[in-house]
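Peer 1: File my_file-v2.pdb follows (PDB, C-alpha atoms, pLDDT in the B column):
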```
ATOM      1  CA  MET A 437     -14.129  -1.453  -8.308  1.00 42.00           C
ATOM      2  CA  THR A 438     -15.313  -4.070 -10.807  1.00 40.00           C
ATOM      3  CA  THR A 439     -17.507  -7.034  -9.871  1.00 40.00           C
ATOM      4  CA  LEU A 440     -16.552 -10.437 -11.302  1.00 42.00           C
ATOM      5  CA  ALA A 441     -17.642 -13.968 -10.586  1.00 44.00           C
ATOM      6  CA  PRO A 442     -15.301 -15.625  -8.040  1.00 43.00           C
ATOM      7  CA  GLY A 443     -13.982 -18.067 -10.632  1.00 42.00           C
ATOM      8  CA  ARG A 444     -13.143 -15.311 -13.111  1.00 43.00           C
ATOM      9  CA  THR A 445     -11.544 -13.283 -10.323  1.00 38.00           C
ATOM     10  CA  LEU A 446      -9.257 -16.208  -9.442  1.00 37.00           C
ATOM     11  CA  LEU A 447      -8.315 -16.684 -13.104  1.00 35.00           C
ATOM     12  CA  ALA A 448      -7.422 -12.998 -13.499  1.00 37.00           C
ATOM     13  CA  LEU A 449      -5.262 -13.016 -10.381  1.00 33.00           C
ATOM     14  CA  TRP A 450      -3.539 -16.231 -11.419  1.00 32.00           C
ATOM     15  CA  PHE A 451      -2.621 -14.667 -14.778  1.00 33.00           C
ATOM     16  CA  LEU A 452      -1.247 -11.518 -13.138  1.00 33.00           C
ATOM     17  CA  THR A 453       1.095 -13.471 -10.872  1.00 31.00           C
ATOM     18  CA  TRP A 454       3.247 -14.122 -13.929  1.00 30.00           C
ATOM     19  CA  MET A 455       3.995 -10.425 -14.164  1.00 31.00           C
ATOM     20  CA  GLY A 456       6.317  -8.670 -11.814  1.00 31.00           C
ATOM     21  CA  ALA A 457       7.109  -4.803  -7.446  1.00 34.00           C
ATOM     22  CA  PRO A 458       6.823  -3.887  -3.892  1.00 38.00           C
ATOM     23  CA  LEU A 459       3.958  -1.547  -2.987  1.00 42.00           C
ATOM     24  CA  TRP A 460       3.078   0.611  -0.034  1.00 46.00           C
ATOM     25  CA  ALA A 461      -0.082  -0.231   1.853  1.00 59.00           C
ATOM     26  CA  GLY A 462      -3.506   1.331   1.324  1.00 81.00           C
ATOM     27  CA  PRO A 463      -3.871   3.688  -1.631  1.00 91.00           C
ATOM     28  CA  PRO A 464      -3.289   6.571  -1.589  1.00 95.00           C
ATOM     29  CA  PHE A 465      -1.571   6.344   1.829  1.00 95.00           C
ATOM     30  CA  ARG A 466       1.265   4.307   3.327  1.00 93.00           C
ATOM     31  CA  THR A 467      -0.947   3.233   6.240  1.00 95.00           C
ATOM     32  CA  ASP A 468      -3.476   0.527   5.388  1.00 95.00           C
ATOM     33  CA  ASP A 469      -6.940  -0.367   6.660  1.00 96.00           C
ATOM     34  CA  PRO A 470      -8.299  -3.765   7.799  1.00 97.00           C
ATOM     35  CA  GLN A 471     -11.205  -3.923   5.329  1.00 96.00           C
ATOM     36  CA  PRO A 472     -10.831  -6.554   2.570  1.00 97.00           C
ATOM     37  CA  VAL A 473     -12.432  -6.372  -0.855  1.00 96.00           C
ATOM     38  CA  ASP A 474     -15.969  -7.806  -0.884  1.00 95.00           C
ATOM     39  CA  LEU A 475     -16.466 -11.415  -1.941  1.00 96.00           C
ATOM     40  CA  GLY A 476     -16.579 -11.755  -5.735  1.00 94.00           C
ATOM     41  CA  HIS A 477     -15.229  -8.250  -6.372  1.00 96.00           C
ATOM     42  CA  LEU A 478     -11.997  -7.205  -8.077  1.00 96.00           C
ATOM     43  CA  GLU A 479     -10.189  -3.946  -7.277  1.00 96.00           C
ATOM     44  CA  LEU A 480      -7.494  -2.590  -9.610  1.00 96.00           C
ATOM     45  CA  TYR A 481      -5.090   0.348  -9.140  1.00 97.00           C
ATOM     46  CA  LEU A 482      -2.936   1.639 -11.993  1.00 97.00           C
ATOM     47  CA  PHE A 483      -0.493   3.986 -10.273  1.00 96.00           C
ATOM     48  CA  SER A 484       2.837   5.720  -9.902  1.00 96.00           C
ATOM     49  CA  THR A 485       4.580   6.417  -6.598  1.00 95.00           C
ATOM     50  CA  GLY A 486       8.004   7.604  -5.539  1.00 93.00           C
ATOM     51  CA  GLU A 487      10.245   9.874  -3.540  1.00 93.00           C
ATOM     52  CA  ARG A 488      12.705  12.703  -4.119  1.00 92.00           C
ATOM     53  CA  ARG A 489      15.893  13.005  -2.038  1.00 87.00           C
ATOM     54  CA  SER A 490      18.912  15.274  -2.029  1.00 85.00           C
ATOM     55  CA  ASP A 491      20.859  12.658  -4.008  1.00 87.00           C
ATOM     56  CA  GLY A 492      18.110  11.907  -6.550  1.00 89.00           C
ATOM     57  CA  GLY A 493      14.924   9.882  -6.483  1.00 91.00           C
ATOM     58  CA  ALA A 494      13.335   6.467  -6.956  1.00 91.00           C
ATOM     59  CA  GLY A 495       9.909   4.938  -7.308  1.00 91.00           C
ATOM     60  CA  LEU A 496       7.481   2.650  -9.101  1.00 93.00           C
ATOM     61  CA  GLY A 497       5.559   3.341 -12.279  1.00 94.00           C
ATOM     62  CA  PRO A 498       3.734   2.308 -14.220  1.00 95.00           C
ATOM     63  CA  ALA A 499       2.562  -0.118 -11.546  1.00 96.00           C
ATOM     64  CA  LEU A 500      -0.479  -2.285 -10.927  1.00 96.00           C
ATOM     65  CA  GLU A 501      -2.093  -3.358  -7.658  1.00 96.00           C
ATOM     66  CA  VAL A 502      -4.752  -6.081  -7.771  1.00 97.00           C
ATOM     67  CA  ASN A 503      -7.030  -7.017  -4.859  1.00 97.00           C
ATOM     68  CA  GLY A 504      -9.619  -9.777  -5.125  1.00 97.00           C
ATOM     69  CA  GLY A 505     -12.278 -10.916  -2.662  1.00 97.00           C
ATOM     70  CA  LEU A 506     -12.002 -14.685  -2.930  1.00 91.00           C
ATOM     71  CA  LEU A 507     -13.593 -15.663   0.421  1.00 96.00           C
ATOM     72  CA  PRO A 508     -15.709 -13.833   3.018  1.00 96.00           C
ATOM     73  CA  ASP A 509     -13.393 -11.436   4.915  1.00 98.00           C
ATOM     74  CA  VAL A 510     -10.373 -12.620   2.879  1.00 98.00           C
ATOM     75  CA  GLN A 511      -8.619 -10.622   0.172  1.00 97.00           C
ATOM     76  CA  LEU A 512      -5.834 -11.793  -2.133  1.00 97.00           C
ATOM     77  CA  HIS A 513      -3.333  -9.036  -2.978  1.00 97.00           C
ATOM     78  CA  LEU A 514      -0.764  -8.742  -5.767  1.00 97.00           C
ATOM     79  CA  GLY A 515       1.553  -5.869  -6.689  1.00 96.00           C
ATOM     80  CA  VAL A 516       3.550  -5.718  -9.929  1.00 96.00           C
ATOM     81  CA  SER A 517       5.471  -2.765 -11.373  1.00 94.00           C
ATOM     82  CA  ARG A 518       8.306  -1.166 -13.207  1.00 95.00           C
ATOM     83  CA  ALA A 519      10.831   0.232 -10.716  1.00 93.00           C
ATOM     84  CA  TYR A 520      13.137   3.146 -11.507  1.00 93.00           C
ATOM     85  CA  ASP A 521      16.187   4.780  -9.927  1.00 89.00           C
ATOM     86  CA  ARG A 522      17.170   8.364 -10.747  1.00 88.00           C
ATOM     87  CA  PRO A 523      20.532   9.321  -9.161  1.00 88.00           C
ATOM     88  CA  ARG A 524      21.379  13.019  -9.222  1.00 87.00           C
ATOM     89  CA  GLY A 525      23.707  13.779 -12.114  1.00 85.00           C
ATOM     90  CA  ALA A 526      23.250  10.373 -13.743  1.00 86.00           C
ATOM     91  CA  ALA A 527      20.837   8.783 -16.189  1.00 86.00           C
ATOM     92  CA  THR A 528      17.585   7.257 -14.964  1.00 86.00           C
ATOM     93  CA  HIS A 529      17.396   3.486 -15.270  1.00 86.00           C
ATOM     94  CA  GLY A 530      14.469   1.155 -14.706  1.00 93.00           C
ATOM     95  CA  GLY A 531      13.132  -2.353 -15.034  1.00 94.00           C
ATOM     96  CA  LEU A 532      11.065  -4.993 -13.324  1.00 95.00           C
ATOM     97  CA  GLY A 533      10.772  -4.394  -9.581  1.00 94.00           C
ATOM     98  CA  ASP A 534      10.170  -6.813  -6.730  1.00 95.00           C
ATOM     99  CA  THR A 535       6.785  -8.562  -6.609  1.00 96.00           C
ATOM    100  CA  GLU A 536       4.440  -8.295  -3.641  1.00 96.00           C
ATOM    101  CA  VAL A 537       1.902 -11.021  -2.714  1.00 97.00           C
ATOM    102  CA  GLY A 538      -0.318 -10.979   0.374  1.00 97.00           C
ATOM    103  CA  ILE A 539      -3.563 -12.013   2.035  1.00 97.00           C
ATOM    104  CA  LYS A 540      -5.690  -9.634   4.083  1.00 98.00           C
ATOM    105  CA  TYR A 541      -7.935 -11.278   6.689  1.00 98.00           C
ATOM    106  CA  ARG A 542     -10.504  -9.324   8.712  1.00 98.00           C
ATOM    107  CA  VAL A 543     -10.509 -10.808  12.219  1.00 98.00           C
ATOM    108  CA  PHE A 544     -13.249  -8.621  13.754  1.00 98.00           C
ATOM    109  CA  HIS A 545     -16.062  -6.650  12.140  1.00 97.00           C
ATOM    110  CA  GLU A 546     -16.800  -3.121  13.288  1.00 97.00           C
ATOM    111  CA  THR A 547     -19.705  -2.535  15.691  1.00 96.00           C
ATOM    112  CA  ASP A 548     -21.031   0.558  17.466  1.00 94.00           C
ATOM    113  CA  THR A 549     -18.495   0.039  20.254  1.00 94.00           C
ATOM    114  CA  ARG A 550     -15.711  -2.021  18.626  1.00 96.00           C
ATOM    115  CA  PRO A 551     -13.409  -1.239  15.691  1.00 97.00           C
ATOM    116  CA  GLN A 552     -12.770  -3.698  12.895  1.00 97.00           C
ATOM    117  CA  VAL A 553      -9.385  -5.408  13.001  1.00 98.00           C
ATOM    118  CA  GLY A 554      -7.441  -7.062  10.211  1.00 98.00           C
ATOM    119  CA  PHE A 555      -4.185  -8.958   9.661  1.00 97.00           C
ATOM    120  CA  PHE A 556      -2.342  -8.457   6.352  1.00 97.00           C
ATOM    121  CA  PRO A 557       0.825 -10.626   5.979  1.00 97.00           C
ATOM    122  CA  MET A 558       2.771 -10.092   2.758  1.00 96.00           C
ATOM    123  CA  VAL A 559       5.809 -11.539   1.017  1.00 97.00           C
ATOM    124  CA  VAL A 560       8.014  -9.441  -1.279  1.00 96.00           C
ATOM    125  CA  LEU A 561       9.722 -11.638  -3.862  1.00 96.00           C
ATOM    126  CA  PRO A 562      13.141 -10.482  -5.185  1.00 95.00           C
ATOM    127  CA  THR A 563      12.229 -10.248  -8.885  1.00 95.00           C
ATOM    128  CA  GLY A 564      13.927  -6.841  -9.316  1.00 93.00           C
ATOM    129  CA  LYS A 565      17.607  -6.400 -10.126  1.00 90.00           C
ATOM    130  CA  ALA A 566      19.206  -5.441  -6.804  1.00 87.00           C
ATOM    131  CA  GLN A 567      22.552  -4.421  -8.388  1.00 85.00           C
ATOM    132  CA  ALA A 568      20.721  -1.692 -10.318  1.00 84.00           C
ATOM    133  CA  GLY A 569      18.802  -0.431  -7.289  1.00 80.00           C
ATOM    134  CA  LEU A 570      15.536  -1.926  -8.579  1.00 89.00           C
ATOM    135  CA  GLY A 571      14.997  -4.559  -5.880  1.00 87.00           C
ATOM    136  CA  SER A 572      16.110  -5.820  -2.488  1.00 87.00           C
ATOM    137  CA  GLY A 573      17.847  -8.986  -3.668  1.00 91.00           C
ATOM    138  CA  HIS A 574      16.223 -11.005  -0.861  1.00 93.00           C
ATOM    139  CA  THR A 575      12.756 -12.284   0.022  1.00 96.00           C
ATOM    140  CA  GLN A 576      11.148  -9.954   2.567  1.00 96.00           C
ATOM    141  CA  VAL A 577       8.153 -10.563   4.842  1.00 97.00           C
ATOM    142  CA  THR A 578       5.879  -8.022   6.514  1.00 95.00           C
ATOM    143  CA  LEU A 579       3.418  -8.751   9.345  1.00 97.00           C
ATOM    144  CA  PRO A 580       1.067  -5.791   9.974  1.00 97.00           C
ATOM    145  CA  VAL A 581      -2.123  -5.458  12.042  1.00 98.00           C
ATOM    146  CA  TRP A 582      -4.640  -2.715  11.136  1.00 98.00           C
ATOM    147  CA  VAL A 583      -7.561  -1.202  13.086  1.00 98.00           C
ATOM    148  CA  GLN A 584     -10.410   1.032  11.815  1.00 98.00           C
ATOM    149  CA  LYS A 585     -13.435   2.919  13.212  1.00 97.00           C
ATOM    150  CA  SER A 586     -15.966   5.179  11.502  1.00 97.00           C
ATOM    151  CA  TRP A 587     -18.390   7.848  12.736  1.00 96.00           C
ATOM    152  CA  GLY A 588     -20.670   9.388  10.122  1.00 96.00           C
ATOM    153  CA  PRO A 589     -18.483  10.993   7.430  1.00 97.00           C
ATOM    154  CA  TRP A 590     -15.308  10.434   9.481  1.00 98.00           C
ATOM    155  CA  THR A 591     -13.056   7.346   9.341  1.00 97.00           C
ATOM    156  CA  THR A 592      -9.817   6.738  11.213  1.00 97.00           C
ATOM    157  CA  TYR A 593      -7.481   3.769  10.906  1.00 97.00           C
ATOM    158  CA  GLY A 594      -3.898   2.697  11.464  1.00 97.00           C
ATOM    159  CA  GLY A 595      -1.673   0.113  13.048  1.00 97.00           C
ATOM    160  CA  TYR A 596       1.757  -1.443  13.259  1.00 97.00           C
ATOM    161  CA  GLY A 597       3.816  -3.712  10.998  1.00 96.00           C
ATOM    162  CA  TRP A 598       7.135  -5.546  11.291  1.00 97.00           C
ATOM    163  CA  TRP A 599       9.379  -6.193   8.284  1.00 95.00           C
ATOM    164  CA  ARG A 600      11.853  -9.045   7.982  1.00 95.00           C
ATOM    165  CA  SER A 601      14.578  -7.695   5.685  1.00 93.00           C
ATOM    166  CA  PRO A 602      17.550 -10.085   5.370  1.00 94.00           C
ATOM    167  CA  GLY A 603      20.800  -9.553   3.511  1.00 90.00           C
ATOM    168  CA  ASP A 604      24.018  -7.560   3.830  1.00 87.00           C
ATOM    169  CA  GLY A 605      23.348  -3.883   4.428  1.00 86.00           C
ATOM    170  CA  ASN A 606      19.781  -4.517   5.603  1.00 90.00           C
ATOM    171  CA  ARG A 607      18.141  -4.873   8.999  1.00 94.00           C
ATOM    172  CA  ASN A 608      14.654  -5.764  10.183  1.00 96.00           C
ATOM    173  CA  TRP A 609      12.485  -2.700  10.715  1.00 96.00           C
ATOM    174  CA  SER A 610       8.994  -1.691  11.808  1.00 96.00           C
ATOM    175  CA  TYR A 611       6.332   0.765  10.678  1.00 96.00           C
ATOM    176  CA  ALA A 612       3.546   2.534  12.561  1.00 97.00           C
ATOM    177  CA  GLY A 613       0.995   4.881  11.030  1.00 97.00           C
ATOM    178  CA  TRP A 614      -2.377   6.472  11.630  1.00 97.00           C
ATOM    179  CA  LEU A 615      -4.704   8.649   9.603  1.00 97.00           C
ATOM    180  CA  ALA A 616      -8.078  10.378   9.699  1.00 98.00           C
ATOM    181  CA  GLN A 617     -10.205  11.094   6.647  1.00 97.00           C
ATOM    182  CA  ARG A 618     -13.575  12.703   5.932  1.00 98.00           C
ATOM    183  CA  ASP A 619     -16.137  12.251   3.169  1.00 97.00           C
ATOM    184  CA  PHE A 620     -17.334  15.481   1.573  1.00 98.00           C
ATOM    185  CA  GLY A 621     -20.477  14.234  -0.109  1.00 96.00           C
ATOM    186  CA  GLU A 622     -20.334  11.294  -2.512  1.00 95.00           C
ATOM    187  CA  LYS A 623     -17.584  12.658  -4.776  1.00 97.00           C
ATOM    188  CA  LEU A 624     -14.675  13.613  -2.520  1.00 98.00           C
ATOM    189  CA  THR A 625     -12.735  12.156   0.439  1.00 97.00           C
ATOM    190  CA  LEU A 626      -9.741  13.914   2.022  1.00 98.00           C
ATOM    191  CA  GLY A 627      -7.330  12.604   4.686  1.00 98.00           C
ATOM    192  CA  LEU A 628      -4.155  13.287   6.640  1.00 98.00           C
ATOM    193  CA  GLU A 629      -1.675  10.607   7.705  1.00 97.00           C
ATOM    194  CA  ALA A 630       1.264  10.510  10.132  1.00 97.00           C
ATOM    195  CA  PHE A 631       3.785   7.647  10.125  1.00 96.00           C
ATOM    196  CA  ARG A 632       7.091   6.519  11.595  1.00 95.00           C
ATOM    197  CA  HIS A 633       9.456   3.726  10.615  1.00 92.00           C
ATOM    198  CA  THR A 634      12.631   2.494  12.235  1.00 95.00           C
ATOM    199  CA  ALA A 635      16.000   2.285  10.479  1.00 93.00           C
ATOM    200  CA  ALA A 636      16.161  -0.288   7.666  1.00 90.00           C
ATOM    201  CA  THR A 637      19.977  -0.384   7.488  1.00 90.00           C
ATOM    202  CA  PRO A 638      22.637  -0.844  10.224  1.00 91.00           C
ATOM    203  CA  GLY A 639      23.788   2.782   9.899  1.00 88.00           C
ATOM    204  CA  GLY A 640      20.360   4.265   9.216  1.00 89.00           C
ATOM    205  CA  VAL A 641      18.069   6.344  11.418  1.00 91.00           C
ATOM    206  CA  ALA A 642      14.348   6.263  12.160  1.00 93.00           C
ATOM    207  CA  SER A 643      12.094   8.586  10.171  1.00 93.00           C
ATOM    208  CA  THR A 644       8.816  10.377  10.879  1.00 95.00           C
ATOM    209  CA  GLY A 645       6.614  11.962   8.230  1.00 96.00           C
ATOM    210  CA  PHE A 646       3.160  12.804   6.941  1.00 97.00           C
ATOM    211  CA  ASN A 647       0.999  12.522   3.837  1.00 97.00           C
ATOM    212  CA  ALA A 648      -2.095  14.458   2.789  1.00 98.00           C
ATOM    213  CA  GLY A 649      -4.333  13.117   0.064  1.00 98.00           C
ATOM    214  CA  GLY A 650      -7.709  11.890  -1.002  1.00 97.00           C
ATOM    215  CA  GLN A 651     -10.015  10.302  -3.518  1.00 97.00           C
ATOM    216  CA  VAL A 652     -12.237  11.774  -6.235  1.00 98.00           C
ATOM    217  CA  ASN A 653     -15.085   9.477  -7.282  1.00 97.00           C
ATOM    218  CA  LEU A 654     -15.524   9.967 -11.024  1.00 97.00           C
ATOM    219  CA  SER A 655     -18.199   7.262 -11.192  1.00 96.00           C
ATOM    220  CA  GLU A 656     -19.223   4.109  -9.334  1.00 92.00           C
ATOM    221  CA  ARG A 657     -16.290   2.186 -10.851  1.00 94.00           C
ATOM    222  CA  HIS A 658     -13.709   4.872 -11.633  1.00 97.00           C
ATOM    223  CA  HIS A 659     -11.780   6.845  -9.016  1.00 97.00           C
ATOM    224  CA  LEU A 660      -8.763   9.160  -8.900  1.00 98.00           C
ATOM    225  CA  LEU A 661      -6.495   8.832  -5.829  1.00 98.00           C
ATOM    226  CA  PHE A 662      -3.601  11.092  -4.853  1.00 98.00           C
ATOM    227  CA  SER A 663      -1.303  11.990  -1.961  1.00 97.00           C
ATOM    228  CA  GLY A 664       1.866  13.925  -1.230  1.00 97.00           C
ATOM    229  CA  GLY A 665       3.994  14.424   1.843  1.00 97.00           C
ATOM    230  CA  ARG A 666       7.367  14.687   3.532  1.00 96.00           C
ATOM    231  CA  GLN A 667       9.655  12.803   5.844  1.00 93.00           C
ATOM    232  CA  LEU A 668      10.390  15.315   8.592  1.00 92.00           C
ATOM    233  CA  THR A 669      13.131  13.483  10.497  1.00 89.00           C
ATOM    234  CA  GLY A 670      15.921  11.226   9.340  1.00 82.00           C
ATOM    235  CA  GLU A 671      16.715  11.623   5.644  1.00 79.00           C
ATOM    236  CA  LYS A 672      14.471  14.362   4.223  1.00 84.00           C
ATOM    237  CA  ARG A 673      12.329  13.055   1.376  1.00 90.00           C
ATOM    238  CA  SER A 674       9.352  14.311  -0.624  1.00 96.00           C
ATOM    239  CA  LEU A 675       6.723  11.636  -1.332  1.00 95.00           C
ATOM    240  CA  PHE A 676       4.017  11.330  -3.984  1.00 96.00           C
ATOM    241  CA  TYR A 677       1.348   8.888  -5.136  1.00 96.00           C
ATOM    242  CA  VAL A 678      -1.266   9.085  -7.918  1.00 97.00           C
ATOM    243  CA  SER A 679      -3.528   6.346  -9.262  1.00 97.00           C
ATOM    244  CA  TRP A 680      -6.650   5.550 -11.212  1.00 96.00           C
TER     245      TRP A 680
END
```
With the file now loaded, output its structure as structure tokens.

Peer 2:
Amino acid sequence: MTTLAPGRTLLALWFLTWMGAPLWAGPPFRTDDPQPVDLGHLELYLFSTGERRSDGGAGLGPALEVNGGLLPDVQLHLGVSRAYDRPRGAATHGGLGDTEVGIKYRVFHETDTRPQVGFFPMVVLPTGKAQAGLGSGHTQVTLPVWVQKSWGPWTTYGGYGWWRSPGDGNRNWSYAGWLAQRDFGEKLTLGLEAFRHTAATPGGVASTGFNAGGQVNLSERHHLLFSGGRQLTGEKRSLFYVSW
């Protein structure tokens, strides 16, 4: 995490909105937490993420996630990336993906008896080429609520989100996830996540899966994040995420 003056943070985020990709929740997991970036701080993730299926694979990378603390308990979020599609037996193709913009607002702070709670609405803009499998072709909206509680080295968080996904061949869907993670000293954090999402297409099925991952703190400002997992029901998929 890098600390910038609020004005410089706003300028950096404004510049990045001219770039262009939809991202999954809280690195390195699909489930997010309710804690926004601190006021006047800027958080950057350079990452790659994707999935492998029986008929090929798809993902994002290189990709950039930017989070800025512009107000107390309010975080501005932007995701831009190169998307790629890799059908089995065919050449990989890629290009600009959809663009994700959101605002995370912490409604309640954590106390000894109460978890912190946050609301994180996002809009996914159709900047990717849908005909090439690099975007949705329609503006999507997600409305998630996240909850978190910590005890010593342990932290657990999760929640529920609803996606509005218009267009032919799409349907609105929802996501629920929860994870637990533990700090092992100041250098290493490891966690395990379980998630479930409903069908996103009229003929699709719901899926349940897991991810295991963590964070290695290389210094105060530099961190390595990683995760890998599987969808266990529905279409079987292997998942990965790595970022700096």

Peer 1: What do you get, as a list of chain:residue names, if you spell out every residue that the PyMOL selection byres ((chain A and resi 628) around 10) selects here?

Peer 2: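 Against this file, the PyMOL selection byres ((chain A and resi 628) around 10) returns the residues A:Phe465, A:Thr592, A:Trp614, A:Leu615, A:Ala616, A:Gln617, A:Arg618, A:Leu626, A:Gly627, A:Glu629, A:Ala630, A:Phe646, A:Asn647, A:Ala648, A:Gly649, A:Gly650, A:Ser663, A:Gly664, A:Gly665.
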
Peer 1: Assuming the chain letters and numbering stay as they are in my file, what does the PyMOL selection byres ((chain A and resi 535) around 8) actually select? List them as a PDB file with C-alpha atoms, keeping the file's coordinate frame.

Peer 2:
```pdb
ATOM      1  CA  GLY A 456       6.317  -8.670 -11.814  1.00 31.00           C
ATOM      2  CA  ALA A 457       7.109  -4.803  -7.446  1.00 34.00           C
ATOM      3  CA  PRO A 458       6.823  -3.887  -3.892  1.00 38.00           C
ATOM      4  CA  LEU A 514      -0.764  -8.742  -5.767  1.00 97.00           C
ATOM      5  CA  GLY A 515       1.553  -5.869  -6.689  1.00 96.00           C
ATOM      6  CA  VAL A 516       3.550  -5.718  -9.929  1.00 96.00           C
ATOM      7  CA  SER A 517       5.471  -2.765 -11.373  1.00 94.00           C
ATOM      8  CA  GLY A 533      10.772  -4.394  -9.581  1.00 94.00           C
ATOM      9  CA  ASP A 534      10.170  -6.813  -6.730  1.00 95.00           C
ATOM     10  CA  GLU A 536       4.440  -8.295  -3.641  1.00 96.00           C
ATOM     11  CA  VAL A 537       1.902 -11.021  -2.714  1.00 97.00           C
ATOM     12  CA  VAL A 560       8.014  -9.441  -1.279  1.00 96.00           C
ATOM     13  CA  LEU A 561       9.722 -11.638  -3.862  1.00 96.00           C
ATOM     14  CA  PRO A 562      13.141 -10.482  -5.185  1.00 95.00           C
ATOM     15  CA  THR A 563      12.229 -10.248  -8.885  1.00 95.00           C
ATOM     16  CA  GLY A 564      13.927  -6.841  -9.316  1.00 93.00           C
TER      17      GLY A 564
END
```

Peer 1: For A:Asn608, work out the shell of residues within 8 Å, counting only C-alpha atoms and skipping chain neighbours fewer than 2 positions away, then give it as a compact mmCIF listing (two decimals) with C-alpha atoms, in the frame of the given file.

Peer 2:
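Final output, out-v2.txt:
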```txt
# COMPACT_ATOMS: atom_id res chain seq x y z
CA TRP A 598 7.14 -5.55 11.29
CA TRP A 599 9.38 -6.19 8.28
CA ARG A 600 11.85 -9.04 7.98
CA SER A 601 14.58 -7.70 5.68
CA PRO A 602 17.55 -10.09 5.37
CA ASN A 606 19.78 -4.52 5.60
CA SER A 610 8.99 -1.69 11.81
CA ALA A 636 16.16 -0.29 7.67
```

Peer 1: To one decimal place, how far is atom CA of A:Val559 from atom CA of A:Arg489 in Å?

Peer 2: 26.7 Å

Peer 1: Check what the PyMOL selection byres ((chain A and resi 569-572) around 8) selects in the file above and give those residues as a list in words.

Peer 2: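 Selected by the PyMOL selection byres ((chain A and resi 569-572) around 8) in this file: Ala519, Tyr520, Asp521, Gly530, Gly531, Leu532, Gly533, Asp534, Pro562, Thr563, Gly564, Lys565, Ala566, Gln567, Ala568, Gly573, His574 and Thr575 of chain A.
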
Peer 1: Provide the atom CA of A:Ser679 to atom CA of A:Leu496 distance in Å, to one decimal place.

Peer 2: 11.6 Å

Peer 1: For each of A:Phe483, A:Glu501, A:Trp587, A:Asp469, take the minimum atom-to-atom distance to A:Thr549, counting all atoms listed in the file, then give the residue where this is smallest.

Peer 2: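 The shortest atom-to-atom distance to A:Thr549 comes from A:Trp587.
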
Peer 1: Which one is closest to A:Arg488: A:Gly476, A:Pro523, A:Pro557, A:Gly538? Count all atoms listed in the file.

Peer 2: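 When distances to A:Arg488 are compared using all atoms listed in the file, the smallest one comes from A:Pro523.
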
Peer 1: Of the candidates A:Pro498, A:Pro508, A:Pro638, A:Gly486, which shows the shortest atom-to-atom distance to A:Arg607, using all atoms listed in the file?

Peer 2: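 Of A:Pro498, A:Pro508, A:Pro638, A:Gly486, the one nearest A:Arg607 is A:Pro638, counting all atoms listed in the file.
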
Peer 1: Compare A:Tyr596, A:Phe662, A:His513, A:Thr578 by their minimum atom-to-atom distance to A:Phe676, counting only C-alpha atoms, and give me the closest one.

Peer 2: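 Closest residue, counting only C-alpha atoms: A:Phe662.
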